[in-house]
Every structure is written in C-alpha cells, then in structure tokens.
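Asker: So here's target25.cif (mmCIF, C-alpha atoms).
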data_upload
loop_
_atom_site.label_atom_id
_atom_site.label_comp_id
_atom_site.auth_asym_id
_atom_site.auth_seq_id
_atom_site.Cartn_x
_atom_site.Cartn_y
_atom_site.Cartn_z
CA MET A 12 107.23 100.22 134.95
CA THR A 13 106.31 97.20 137.06
CA PRO A 14 105.19 93.98 135.35
CA ALA A 15 101.71 94.58 136.80
CA GLU A 16 101.58 98.06 135.30
CA LEU A 17 102.72 96.75 131.93
CA THR A 18 100.13 93.96 131.98
CA ASP A 19 97.47 96.49 132.86
CA ARG A 20 98.38 98.73 129.90
CA LEU A 21 98.40 95.75 127.57
CA ARG A 22 94.74 94.86 128.07
CA LEU A 23 94.17 96.60 124.76
CA MET A 24 96.59 97.79 122.12
CA VAL A 25 95.06 99.91 119.38
CA ILE A 26 97.09 99.63 116.16
CA THR A 27 96.74 102.44 113.66
CA ASP A 28 95.76 101.85 110.03
CA ARG A 29 95.06 104.69 107.64
CA ASP A 30 92.87 102.63 105.30
CA SER A 31 90.68 101.24 108.07
CA ALA A 32 90.33 104.69 109.66
CA ALA A 33 89.32 106.42 106.40
CA PRO A 34 87.58 108.77 105.83
CA ARG A 35 88.60 109.70 109.37
CA SER A 36 92.29 110.29 110.13
CA ILE A 37 94.17 107.95 112.46
CA PHE A 38 94.61 110.99 114.72
CA ASP A 39 90.86 111.40 115.17
CA VAL A 40 90.36 107.69 115.83
CA VAL A 41 93.26 107.49 118.30
CA GLU A 42 91.97 110.59 120.07
CA GLU A 43 88.58 108.96 120.58
CA ALA A 44 90.14 105.63 121.57
CA LEU A 45 92.28 107.35 124.22
CA ASP A 46 89.23 109.21 125.51
CA ALA A 47 87.49 105.85 125.91
CA GLY A 48 90.43 104.48 127.93
CA ALA A 49 92.65 102.72 125.39
CA PRO A 50 95.81 102.07 127.44
CA ALA A 51 98.25 101.38 124.56
CA ILE A 52 98.64 102.68 121.00
CA GLN A 53 100.84 101.22 118.27
CA LEU A 54 101.68 103.46 115.33
CA ARG A 55 101.89 101.26 112.26
CA ASP A 56 102.24 102.36 108.64
CA LYS A 57 104.27 100.09 106.39
CA ASP A 58 103.96 102.55 103.48
CA ALA A 59 105.15 105.63 105.37
CA SER A 60 108.66 107.05 105.11
CA ALA A 61 110.63 107.39 108.34
CA LEU A 62 109.89 111.10 108.27
CA GLN A 63 106.14 110.57 107.82
CA LEU A 64 106.12 108.03 110.66
CA TYR A 65 108.08 110.40 112.86
CA GLU A 66 105.73 113.29 112.10
CA ALA A 67 102.67 111.12 112.80
CA GLY A 68 104.23 110.01 116.08
CA LYS A 69 105.00 113.60 117.06
CA ALA A 70 101.37 114.50 116.45
CA LEU A 71 100.01 111.55 118.46
CA LEU A 72 102.41 111.39 121.38
CA PRO A 73 101.36 114.42 123.48
CA ARG A 74 97.78 113.15 123.71
CA VAL A 75 98.98 109.59 124.50
CA ARG A 76 101.19 110.94 127.27
CA GLU A 77 98.38 113.13 128.62
CA VAL A 78 96.27 110.08 129.49
CA GLY A 79 99.20 107.91 130.61
CA ALA A 80 98.86 105.36 127.81
CA LEU A 81 101.79 103.52 126.26
CA PHE A 82 103.07 104.35 122.79
CA PHE A 83 104.69 101.85 120.45
CA VAL A 84 105.98 102.15 116.89
CA ASN A 85 105.81 99.20 114.51
CA ASP A 86 109.11 97.97 113.05
CA ARG A 87 111.13 101.22 113.10
CA VAL A 88 113.03 101.24 116.36
CA ASP A 89 114.96 104.30 115.16
CA VAL A 90 111.74 106.26 114.81
CA ALA A 91 110.51 104.93 118.17
CA LEU A 92 113.70 106.04 119.91
CA ALA A 93 113.75 109.41 118.14
CA LEU A 94 110.18 110.02 119.33
CA GLY A 95 110.86 108.90 122.89
CA ALA A 96 108.21 106.19 122.48
CA ASP A 97 107.83 103.48 125.12
CA GLY A 98 108.70 100.71 122.74
CA VAL A 99 108.69 99.04 119.36
CA HIS A 100 106.75 96.10 117.98
CA VAL A 101 108.65 93.80 115.65
CA GLY A 102 107.59 90.94 113.43
CA PRO A 103 109.51 88.14 111.77
CA ASN A 104 110.77 90.44 108.97
CA ASP A 105 112.11 93.09 111.33
CA LEU A 106 115.34 93.28 113.32
CA PRO A 107 115.81 90.22 115.57
CA VAL A 108 114.77 90.78 119.21
CA GLN A 109 118.15 89.74 120.58
CA ILE A 110 119.96 92.28 118.39
CA LEU A 111 117.44 94.97 119.23
CA ARG A 112 117.59 94.35 122.97
CA ALA A 113 121.34 94.95 122.94
CA ALA A 114 120.86 98.25 121.11
CA VAL A 115 118.12 99.94 123.17
CA PRO A 116 117.83 101.22 126.74
CA ASP A 117 116.83 98.60 129.34
CA ASP A 118 113.43 100.13 129.97
CA PHE A 119 112.56 100.35 126.27
CA LEU A 120 109.79 97.85 125.54
CA ILE A 121 110.03 95.32 122.73
CA GLY A 122 106.97 93.50 121.52
CA ALA A 123 107.38 90.53 119.19
CA SER A 124 104.97 88.47 117.11
CA THR A 125 104.71 84.70 117.14
CA ASP A 126 102.06 82.00 117.19
CA ASP A 127 104.40 79.31 118.52
CA PRO A 128 104.88 78.58 122.25
CA ARG A 129 108.51 77.54 121.85
CA GLU A 130 109.36 80.65 119.83
CA ALA A 131 107.51 82.80 122.36
CA ARG A 132 109.78 81.47 125.10
CA ALA A 133 112.85 82.16 122.97
CA LEU A 134 111.68 85.70 122.18
CA VAL A 135 111.09 86.49 125.86
CA ARG A 136 114.49 85.00 126.70
CA ASP A 137 115.99 87.25 123.97
CA GLY A 138 114.44 90.31 125.55
CA ALA A 139 110.84 90.64 124.33
CA SER A 140 108.64 92.51 126.81
CA TYR A 141 105.40 91.07 125.48
CA ILE A 142 104.17 88.73 122.74
CA GLY A 143 101.63 89.52 120.04
CA CYS A 144 100.02 86.19 119.20
CA GLY A 145 97.86 85.44 116.21
CA THR A 146 96.16 85.25 113.90
CA VAL A 147 93.43 84.28 116.40
CA TYR A 148 90.54 84.73 113.94
CA PRO A 149 90.63 85.15 110.16
CA THR A 150 91.24 88.79 109.27
CA THR A 151 91.36 91.01 106.22
CA THR A 152 93.95 93.37 107.70
CA LYS A 153 97.51 92.41 106.90
CA THR A 154 99.59 91.48 109.93
CA ASP A 155 102.89 89.69 110.50
CA ALA A 156 101.13 87.19 112.67
CA GLY A 157 100.88 84.21 110.33
CA GLU A 158 98.17 81.58 109.82
CA VAL A 159 94.92 81.37 111.79
CA LEU A 160 95.60 79.50 115.02
CA GLY A 161 92.37 79.94 116.99
CA LEU A 162 91.76 80.27 120.71
CA LYS A 163 93.49 77.00 121.57
CA GLY A 164 96.68 78.13 119.88
CA LEU A 165 96.54 81.43 121.76
CA LEU A 166 96.02 79.57 125.03
CA ARG A 167 99.15 77.50 124.41
CA VAL A 168 101.27 80.61 123.84
CA ALA A 169 99.73 82.44 126.82
CA ARG A 170 100.65 79.48 129.04
CA ALA A 171 104.19 79.26 127.65
CA VAL A 172 105.50 82.60 128.91
CA ALA A 173 105.21 84.79 131.99
CA ALA A 174 105.33 87.94 129.83
CA PRO A 175 102.04 89.47 128.66
CA VAL A 176 100.51 87.82 125.59
CA LEU A 177 98.13 89.81 123.40
CA GLY A 178 95.79 88.01 121.06
CA ILE A 179 95.69 89.56 117.60
CA GLY A 180 93.76 88.93 114.41
CA GLY A 181 90.06 89.34 113.78
CA ILE A 182 89.22 90.16 117.38
CA THR A 183 85.94 92.03 117.73
CA PRO A 184 84.20 93.40 120.83
CA GLU A 185 81.89 90.37 120.66
CA ARG A 186 84.82 87.93 120.67
CA ALA A 187 86.91 89.65 123.38
CA ALA A 188 85.32 87.71 126.28
CA ARG A 189 86.22 84.38 124.69
CA VAL A 190 89.77 85.59 124.07
CA ALA A 191 90.07 86.61 127.72
CA GLU A 192 89.24 83.03 128.78
CA THR A 193 92.46 81.77 127.15
CA GLY A 194 94.60 83.48 129.77
CA ALA A 195 95.90 86.07 127.30
CA SER A 196 96.68 89.45 128.90
CA GLY A 197 94.76 91.42 126.35
CA VAL A 198 94.11 92.02 122.69
CA ALA A 199 95.72 94.00 119.90
CA VAL A 200 93.31 95.25 117.26
CA ILE A 201 93.40 97.17 114.03
CA GLN A 202 90.03 96.97 112.32
CA ALA A 203 87.91 96.62 115.49
CA VAL A 204 88.86 100.15 116.55
CA MET A 205 90.20 101.88 113.40
CA GLY A 206 87.14 100.78 111.43
CA ALA A 207 84.57 101.07 114.23
CA PRO A 208 81.49 103.22 113.52
CA ASP A 209 81.55 104.09 117.24
CA VAL A 210 85.16 104.10 118.42
CA ARG A 211 84.38 104.79 122.08
CA GLN A 212 81.87 101.98 122.29
CA ALA A 213 84.30 99.57 120.58
CA VAL A 214 87.12 100.43 123.00
CA SER A 215 84.87 100.07 126.04
CA ALA A 216 83.59 96.71 124.83
CA LEU A 217 87.10 95.43 124.02
CA LEU A 218 88.30 96.45 127.50
CA ALA A 219 85.31 95.00 129.36
CA PRO A 220 86.44 91.36 129.81
CA TRP A 221 89.88 92.17 131.25
CA PRO A 222 90.48 92.59 134.97
CA ARG A 223 91.75 96.09 135.77
CA GLY A 224 95.09 95.79 137.54
CA ALA A 225 97.72 98.33 138.52
CA MET B 24 138.45 109.31 112.73
CA THR B 25 140.11 112.59 111.80
CA PRO B 26 138.47 114.90 109.23
CA ALA B 27 141.35 114.09 106.85
CA GLU B 28 140.74 110.35 107.22
CA LEU B 29 137.03 110.83 106.63
CA THR B 30 137.65 112.96 103.54
CA ASP B 31 140.04 110.33 102.25
CA ARG B 32 137.45 107.55 102.64
CA LEU B 33 134.82 109.66 100.94
CA ARG B 34 136.66 109.93 97.62
CA LEU B 35 134.28 107.23 96.43
CA MET B 36 131.14 105.80 97.97
CA VAL B 37 129.79 102.71 96.24
CA ILE B 38 126.03 102.43 96.78
CA THR B 39 124.48 98.98 96.39
CA ASP B 40 121.58 98.29 94.05
CA ARG B 41 120.31 94.79 93.37
CA ASP B 42 118.77 95.63 90.00
CA SER B 43 121.90 97.33 88.65
CA ALA B 44 124.11 94.49 89.91
CA ALA B 45 121.97 91.72 88.35
CA PRO B 46 122.67 89.03 87.30
CA ARG B 47 125.53 89.37 89.78
CA SER B 48 124.75 89.76 93.48
CA ILE B 49 125.56 92.98 95.30
CA PHE B 50 127.96 90.87 97.38
CA ASP B 51 130.03 89.92 94.36
CA VAL B 52 130.12 93.48 93.08
CA VAL B 53 131.02 94.95 96.48
CA GLU B 54 133.75 92.33 96.90
CA GLU B 55 135.33 93.36 93.60
CA ALA B 56 134.91 97.06 94.36
CA LEU B 57 136.68 96.63 97.71
CA ASP B 58 139.46 94.69 96.02
CA ALA B 59 139.92 97.63 93.66
CA GLY B 60 140.19 100.05 96.59
CA ALA B 61 136.66 101.38 97.11
CA PRO B 62 137.00 103.19 100.45
CA ALA B 63 133.29 103.46 101.37
CA ILE B 64 130.23 101.28 100.81
CA GLN B 65 126.59 102.26 101.33
CA LEU B 66 124.06 99.46 101.67
CA ARG B 67 120.84 100.68 100.09
CA ASP B 68 117.70 98.65 99.40
CA LYS B 69 114.42 100.49 99.72
CA ASP B 70 112.43 97.28 99.12
CA ALA B 71 114.18 95.17 101.76
CA SER B 72 112.72 94.44 105.18
CA ALA B 73 114.80 95.43 108.20
CA LEU B 74 115.77 91.79 108.61
CA GLN B 75 116.86 91.46 104.97
CA LEU B 76 118.89 94.65 105.24
CA TYR B 77 120.46 93.45 108.47
CA GLU B 78 121.34 90.07 106.97
CA ALA B 79 122.85 91.73 103.88
CA GLY B 80 124.88 94.02 106.11
CA LYS B 81 126.11 91.10 108.20
CA ALA B 82 127.29 89.39 105.02
CA LEU B 83 129.08 92.49 103.69
CA LEU B 84 130.60 93.94 106.83
CA PRO B 85 133.50 91.52 107.54
CA ARG B 86 134.99 92.11 104.09
CA VAL B 87 134.49 95.89 104.39
CA ARG B 88 136.27 95.86 107.77
CA GLU B 89 139.06 93.68 106.39
CA VAL B 90 140.13 96.38 103.94
CA GLY B 91 139.48 99.30 106.32
CA ALA B 92 136.66 100.79 104.25
CA LEU B 93 133.69 102.64 105.74
CA PHE B 94 130.24 101.08 105.86
CA PHE B 95 127.01 103.05 105.71
CA VAL B 96 123.36 101.97 105.66
CA ASN B 97 120.77 104.00 103.76
CA ASP B 98 117.84 105.37 105.78
CA ARG B 99 117.64 102.70 108.55
CA VAL B 100 119.71 104.01 111.42
CA ASP B 101 118.41 101.16 113.60
CA VAL B 102 119.85 98.60 111.20
CA ALA B 103 123.09 100.59 110.94
CA LEU B 104 123.48 100.67 114.72
CA ALA B 105 122.55 97.01 115.10
CA LEU B 106 125.24 96.11 112.56
CA GLY B 107 127.87 98.33 114.13
CA ALA B 108 128.13 100.24 110.85
CA ASP B 109 130.09 103.48 110.66
CA GLY B 110 127.10 105.55 109.75
CA VAL B 111 123.80 106.12 108.03
CA HIS B 112 122.84 108.09 104.95
CA VAL B 113 119.53 109.93 105.12
CA GLY B 114 117.48 111.75 102.54
CA PRO B 115 114.66 114.27 102.82
CA ASN B 116 112.08 111.53 103.58
CA ASP B 117 114.11 110.00 106.40
CA LEU B 118 114.54 111.00 110.04
CA PRO B 119 115.74 114.62 110.38
CA VAL B 120 119.50 114.95 110.94
CA GLN B 121 119.08 117.00 114.10
CA ILE B 122 116.86 114.33 115.68
CA LEU B 123 119.20 111.56 114.54
CA ARG B 124 122.32 113.27 115.83
CA ALA B 125 120.81 113.41 119.33
CA ALA B 126 120.00 109.69 119.20
CA VAL B 127 123.32 108.18 118.02
CA PRO B 128 126.87 107.99 119.43
CA ASP B 129 129.08 111.01 118.73
CA ASP B 130 131.37 109.10 116.38
CA PHE B 131 128.50 107.65 114.33
CA LEU B 132 128.58 109.25 110.89
CA ILE B 133 125.50 110.84 109.35
CA GLY B 134 125.38 111.61 105.66
CA ALA B 135 122.60 113.79 104.31
CA SER B 136 121.38 114.67 100.81
CA THR B 137 120.81 118.15 99.51
CA ASP B 138 121.48 120.21 96.39
CA ASP B 139 121.13 123.54 98.16
CA PRO B 140 124.08 125.43 99.72
CA ARG B 141 121.99 126.96 102.49
CA GLU B 142 120.43 123.62 103.39
CA ALA B 143 123.86 122.00 103.31
CA ARG B 144 125.07 124.47 105.92
CA ALA B 145 122.01 123.79 108.06
CA LEU B 146 122.49 120.01 107.78
CA VAL B 147 126.14 120.24 108.82
CA ARG B 148 125.15 122.52 111.71
CA ASP B 149 122.53 119.92 112.70
CA GLY B 150 125.17 117.22 112.80
CA ALA B 151 125.67 115.86 109.27
CA SER B 152 129.18 114.42 108.77
CA TYR B 153 129.09 114.77 105.00
CA ILE B 154 126.75 115.92 102.23
CA GLY B 155 125.59 113.90 99.24
CA CYS B 156 124.91 116.47 96.54
CA GLY B 157 123.05 115.87 93.30
CA THR B 158 121.67 115.07 90.92
CA VAL B 159 124.87 116.19 89.14
CA TYR B 160 124.03 114.51 85.81
CA PRO B 161 120.72 113.01 84.65
CA THR B 162 120.37 109.44 85.95
CA THR B 163 118.03 106.51 85.61
CA THR B 164 118.68 105.21 89.12
CA LYS B 165 116.26 106.55 91.66
CA THR B 166 117.86 108.72 94.34
CA ASP B 167 116.61 111.19 96.93
CA ALA B 168 118.85 113.83 95.45
CA GLY B 169 116.30 115.91 93.50
CA GLU B 170 116.52 117.69 90.14
CA VAL B 171 119.61 117.84 87.92
CA LEU B 172 121.84 120.68 89.13
CA GLY B 173 125.02 120.25 87.12
CA LEU B 174 128.64 120.89 88.04
CA LYS B 175 128.04 124.54 88.93
CA GLY B 176 125.41 123.59 91.46
CA LEU B 177 127.75 121.02 92.98
CA LEU B 178 130.51 123.63 93.17
CA ARG B 179 128.23 125.98 95.11
CA VAL B 180 127.42 123.29 97.69
CA ALA B 181 131.06 122.17 97.93
CA ARG B 182 132.07 125.75 98.70
CA ALA B 183 129.30 126.23 101.25
CA VAL B 184 130.48 123.72 103.85
CA ALA B 185 133.75 122.51 105.35
CA ALA B 186 132.40 118.96 105.60
CA PRO B 187 133.05 116.54 102.71
CA VAL B 188 130.65 116.91 99.76
CA LEU B 189 130.11 113.95 97.44
CA GLY B 190 128.71 114.51 93.99
CA ILE B 191 125.96 112.01 93.12
CA GLY B 192 123.86 111.30 90.06
CA GLY B 193 124.94 110.03 86.68
CA ILE B 194 128.65 110.17 87.49
CA THR B 195 130.72 107.88 85.28
CA PRO B 196 134.47 107.18 85.26
CA GLU B 197 134.72 109.54 82.26
CA ARG B 198 133.00 112.36 84.15
CA ALA B 199 134.86 111.96 87.46
CA ALA B 200 137.71 114.32 86.55
CA ARG B 201 135.29 117.14 85.78
CA VAL B 202 133.46 116.51 89.06
CA ALA B 203 136.76 116.69 90.96
CA GLU B 204 137.36 120.20 89.55
CA THR B 205 134.32 121.51 91.44
CA GLY B 206 136.05 121.08 94.79
CA ALA B 207 133.83 118.19 95.79
CA SER B 208 135.54 115.62 98.05
CA GLY B 209 134.47 112.65 95.99
CA VAL B 210 131.60 110.91 94.29
CA ALA B 211 128.84 108.54 95.26
CA VAL B 212 127.77 106.14 92.54
CA ILE B 213 125.23 103.41 92.03
CA GLN B 214 125.12 102.45 88.36
CA ALA B 215 128.76 103.29 87.54
CA VAL B 216 129.96 100.47 89.80
CA MET B 217 126.95 98.20 90.35
CA GLY B 218 126.29 98.07 86.61
CA ALA B 219 129.91 98.12 85.43
CA PRO B 220 131.00 95.33 83.08
CA ASP B 221 134.44 95.59 84.72
CA VAL B 222 133.94 96.63 88.34
CA ARG B 223 137.66 96.91 89.20
CA GLN B 224 138.36 99.14 86.23
CA ALA B 225 135.37 101.34 87.05
CA VAL B 226 136.47 101.78 90.68
CA SER B 227 140.04 102.59 89.69
CA ALA B 228 138.87 105.13 87.13
CA LEU B 229 136.44 106.75 89.56
CA LEU B 230 139.19 107.06 92.19
CA ALA B 231 141.83 108.40 89.80
CA PRO B 232 141.06 112.15 89.89
CA TRP B 233 141.01 112.46 93.70
CA PRO B 234 144.14 113.27 95.70
CA ARG B 235 144.96 110.49 98.12
CA GLY B 236 145.09 111.94 101.64
CA ALA B 237 145.28 110.33 105.07
#
Please rewrite the model in this file as structure tokens.
Answerer:
Amino acid sequence: MTPAELTDRLRLMVITDRDSAAPRSIFDVVEEALDAGAPAIQLRDKDASALQLYEAGKALLPRVREVGALFFVNDRVDVALALGADGVHVGPNDLPVQILRAAVPDDFLIGASTDDPREARALVRDGASYIGCGTVYPTTTKTDAGEVLGLKGLLRVARAVAAPVLGIGGITPERAARVAETGASGVAVIQAVMGAPDVRQAVSALLAPWPRGA
Amino acid sequence: MTPAELTDRLRLMVITDRDSAAPRSIFDVVEEALDAGAPAIQLRDKDASALQLYEAGKALLPRVREVGALFFVNDRVDVALALGADGVHVGPNDLPVQILRAAVPDDFLIGASTDDPREARALVRDGASYIGCGTVYPTTTKTDAGEVLGLKGLLRVARAVAAPVLGIGGITPERAARVAETGASGVAVIQAVMGAPDVRQAVSALLAPWPRGA
C-alpha cells in the first residue's frame, strides 16, 4: 500500500464497542458503516478472549475485504496475524512498537497511541504506521489515549510526524470539520458510529471534511 | 529439540501465579524453582497487560536460559514470540492450535489443554507439542482444564497420544508418584510450587517420581 492509499483509508477508523452498539451487534453496525464508506475498521474488545476476538474477526473480515477497507485488531497482534488482518493498534499497555515491528511482516500496519509530539516521532521511528492521538474531546468511552488535549494538542502531534495522525476522543460528526483543520489525517471514533441512531448518516458526516485521495 | 529432550523438560512445568506466590514475587519463587532443577516455566497472568507480561518475561528469561530450562507464555503467543520464548500454552478460550501452528515457526512449541482423549489426538494432529491434562485433583487455582477427571482420566489421555501429557490440577509432591503411574510425562503445577513454604523441597519432590531422560 502506498502512503497516499494508507492516508486515504485512515480518514475514518471505526472502532467496535459492544456496549455502545447495543442492542445492535457490532456486526450490524460495522456492516452499515462499511456500506456508508467507512474505509477502516478496528476490532476492539478488551473483555473478549483470544478465541472470541478471533471469531468476531472471522465474521467481520469478509465484508471488510469486499469493500476494500482496512482491518485492524486492538492490542492482540497474534489474533491480527492469525486473521490475516492489515494491522494492529497498540496503546501504552500493549507490546512496545519497536518489539512488535521486529516480529511482524514489513507490510503489517502498526498503529500506536500518543498525545505527545516527541513520543509520536519516536513511535514512527520505531515502526508505527500511523498515530492515534487523543483524547481530543472529553469522552465517556474508555481509550488508552490519556488526558484531554484539545485541537491544539492534536495539531502539534499532526505537525510532528509525516505518518498519518488520527484524532480520537469525543469526536462527533459536528466536530469533524474542526478536527480536519488541525492537519490530522482523519478521525478514529467509537461512540460516534457504534452509538449512532443513524450509522450511515454518521459515517457520511464524519467523512465529509476529509479530502478524498488515492 | 528431540522428542526425548522435550519429554525430559516436561517432567515438571512450574506455572506462575502472583497470588499464590505472595508475599514473595513470582521472580523469587521461579528463581528458587530453577535452582532446584525445575526444567520448564510457564508465565501465566490473566490480569496482566501485554506490556506487563512482556516485562515479566524479560525479567525471568535470562535466568531460565542460564539453566537450560524451557520457557512458555500462557495464551499470548505474540508476547511469547516477542520474548523469544520456547512456546505458548493455550486453553479452550485461546487461539485454536491449528491456526496458531500455521502462524508460528516450526520449532515453536504449542501446549494445549484438554481432558478428552479424542480431543487430545485432534490437538496433536493440529500441531500441539504437548497436552496439559486435568483437572486431575480438585483445585482452588483457576485453570482452563475443566472438571475433575482423576487419575483414570489422565491415564486415558496419556495413552491416546505419543506427545508428552502433563497432569495438571491439585497435584502435590505427595501425589506426584501416583500421577507418574498413569503414564503421564510429568506434571504442571501452580499452587504446589508458587505457594510452597519450601520451594526447593517442593520442586525436588515433584521431580522425584519421573525418570530422568535426555
């Protein structure tokens, strides 16, 4: 994948969350999100066993592949590799990026979370393919992304690295345009899509501010 | 490693458990167990993050290597591979053995848990290097090993496969001789070593009934 293609797919990353999706399943919500053009999905379930995560990934992946979206697994690189996913997303409590990079194929994508420009540079140097940066806005959904840093903090991280930077944390369709002005490549969302009354509308609105590339 | 060397190392697998080791650290207990000749260690901590597990493994591994013991990680094959461990042990809620076997190097060991002879054969066919079989005796330590099956159940599994079979569940130094009579290759223990007042004595006693091979 070219850097332009990667940046294009990372305009929007939809992160799964069973609680936010309820009473719908994450499968139903992801299905609708993909229909509406979501270019990247991240399977995340901190309470799931490896087997449950693997089974969920197996159920999601054919549909993700069908529309040419990217598929990431949170934390569990073993599950990601077993599934043939495009990559893994790791936070500060997961395996270090440098260690991971040495253990996976060259084209396997590694996303890493930080809200610090200096750490973002180090993570990219260590082999991160993109940076998840937040928390941009206060949020009720648990992430690894740390304290609220606002749009200015996101801007600083986006300027620090050439790799794609996705804003994360409390980003709604209404806020996406302001996030785009920071120079971030896109947004990663949990609640804004998983909890959306109208998933298709939410995805369209979240995608709207980002220039369509490759 | 030859099958004889593997069987020799699997006379005793010491599984770590922070609660059972307290107030000592698992590091102190493993150190003493290795001194007493424990030939295999399994790092297990279901509550640890990947980073915590990795850091614990990094701390344990040099000493394990020094004495030529084997080092396994429970569940997290990604952490095991990142550490350069000898293998992983998986239960019924972890990645399937067949999927794992396709994703790891040929000489990477995979242990799998079952109490059923037919399933043991299937697991070995799928690529399991050894079988953890229990629960042999009632136990208070949580394992993936299912209901109590007794020595006769262990004997049936030990007879079903050529691969090493380790009895697990409630095995004490006093019970080890009876377990050895089933034809099992060895025992895997948590409490009997992690919770032992005298770790060296416990390890020596647990090793006593097993013929020393390669």
Asker: Dump as a PDB file with C-alpha atoms, in the frame of the given file the residues of chain B that approach chain A to within 9 Å, counting only C-alpha atoms.
Answerer:
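Printed below is out_31.pdb as written:
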ATOM      1  CA  SER B  72     112.720  94.440 105.180  1.00  0.00           C
ATOM      2  CA  ALA B  73     114.800  95.430 108.200  1.00  0.00           C
ATOM      3  CA  LEU B  74     115.770  91.790 108.610  1.00  0.00           C
ATOM      4  CA  GLN B  75     116.860  91.460 104.970  1.00  0.00           C
ATOM      5  CA  LEU B  76     118.890  94.650 105.240  1.00  0.00           C
ATOM      6  CA  TYR B  77     120.460  93.450 108.470  1.00  0.00           C
ATOM      7  CA  ASP B  98     117.840 105.370 105.780  1.00  0.00           C
ATOM      8  CA  ARG B  99     117.640 102.700 108.550  1.00  0.00           C
ATOM      9  CA  VAL B 100     119.710 104.010 111.420  1.00  0.00           C
ATOM     10  CA  ASP B 101     118.410 101.160 113.600  1.00  0.00           C
ATOM     11  CA  VAL B 102     119.850  98.600 111.200  1.00  0.00           C
ATOM     12  CA  LEU B 104     123.480 100.670 114.720  1.00  0.00           C
ATOM     13  CA  ALA B 105     122.550  97.010 115.100  1.00  0.00           C
ATOM     14  CA  LEU B 106     125.240  96.110 112.560  1.00  0.00           C
ATOM     15  CA  PRO B 115     114.660 114.270 102.820  1.00  0.00           C
ATOM     16  CA  ASN B 116     112.080 111.530 103.580  1.00  0.00           C
ATOM     17  CA  ASP B 117     114.110 110.000 106.400  1.00  0.00           C
ATOM     18  CA  LEU B 118     114.540 111.000 110.040  1.00  0.00           C
ATOM     19  CA  PRO B 119     115.740 114.620 110.380  1.00  0.00           C
ATOM     20  CA  ILE B 122     116.860 114.330 115.680  1.00  0.00           C
ATOM     21  CA  LEU B 123     119.200 111.560 114.540  1.00  0.00           C
ATOM     22  CA  ALA B 125     120.810 113.410 119.330  1.00  0.00           C
ATOM     23  CA  ALA B 126     120.000 109.690 119.200  1.00  0.00           C
TER      24      ALA B 126
END
Asker: On this file, the PyMOL selection byres ((chain B and resi 52-68) around 6) gives some set of residues; write that set as a PyMOL selection string.
Answerer: chain B and resi 32+36-39+49-51+69-71+92-97+223
Asker: What's the 6 Å shell around range 197-207 of chain A, counting all atoms listed in the file, without same-chain residues fewer than 6 positions away, as an mmCIF file with C-alpha atoms, in the frame of the given file?
Answerer:
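Resulting contents of out_25.cif:
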data_model
loop_
_atom_site.group_PDB
_atom_site.id
_atom_site.type_symbol
_atom_site.label_atom_id
_atom_site.label_comp_id
_atom_site.auth_asym_id
_atom_site.auth_seq_id
_atom_site.Cartn_x
_atom_site.Cartn_y
_atom_site.Cartn_z
ATOM 1 C CA LEU A 21 98.400 95.750 127.570
ATOM 2 C CA ARG A 22 94.740 94.860 128.070
ATOM 3 C CA LEU A 23 94.170 96.600 124.760
ATOM 4 C CA MET A 24 96.590 97.790 122.120
ATOM 5 C CA VAL A 25 95.060 99.910 119.380
ATOM 6 C CA ILE A 26 97.090 99.630 116.160
ATOM 7 C CA SER A 31 90.680 101.240 108.070
ATOM 8 C CA ALA A 32 90.330 104.690 109.660
ATOM 9 C CA LEU A 177 98.130 89.810 123.400
ATOM 10 C CA GLY A 178 95.790 88.010 121.060
ATOM 11 C CA ILE A 179 95.690 89.560 117.600
ATOM 12 C CA THR A 183 85.940 92.030 117.730
#
Asker: Would you kindly translate the PyMOL selection byres ((chain A and resi 159-166) around 7) into the concrete residues it picks from this file, as a ChimeraX atom specification?
Answerer: /A:144-149,157-158,167-170,178,190,193-195
Asker: Applied to the shown file, which residues does the PyMOL selection byres ((chain B and resi 24) around 12) return, written as a PyMOL selection string?
Answerer: chain B and resi 25-32+91+93+109+129-132+152+237
Asker: How far is it from CA of Trp233 in chain B to CA of Tyr153 in chain B, in Å with one decimal?
Answerer: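 Distance reported for this atom pair: 16.6 Å.
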Asker: Please indicate the distance in Å from CA of Gly150 in chain B to CA of Thr137 in chain B, rounded to one decimal place.
Answerer: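 Going from CA of Gly150 in chain B over to CA of Thr137 in chain B covers 14.0 Å.
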Asker: Report, to one decimal in Å, the C-alpha RMSD of chain B against chain A after an in-order least-squares superposition over all those atoms.
Answerer: 0.0 Å
Asker: State, in Å with one decimal place, the distance from CA of Arg189 in chain A to CA of Asp127 in chain A.
Answerer: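 The value is 19.9 Å.
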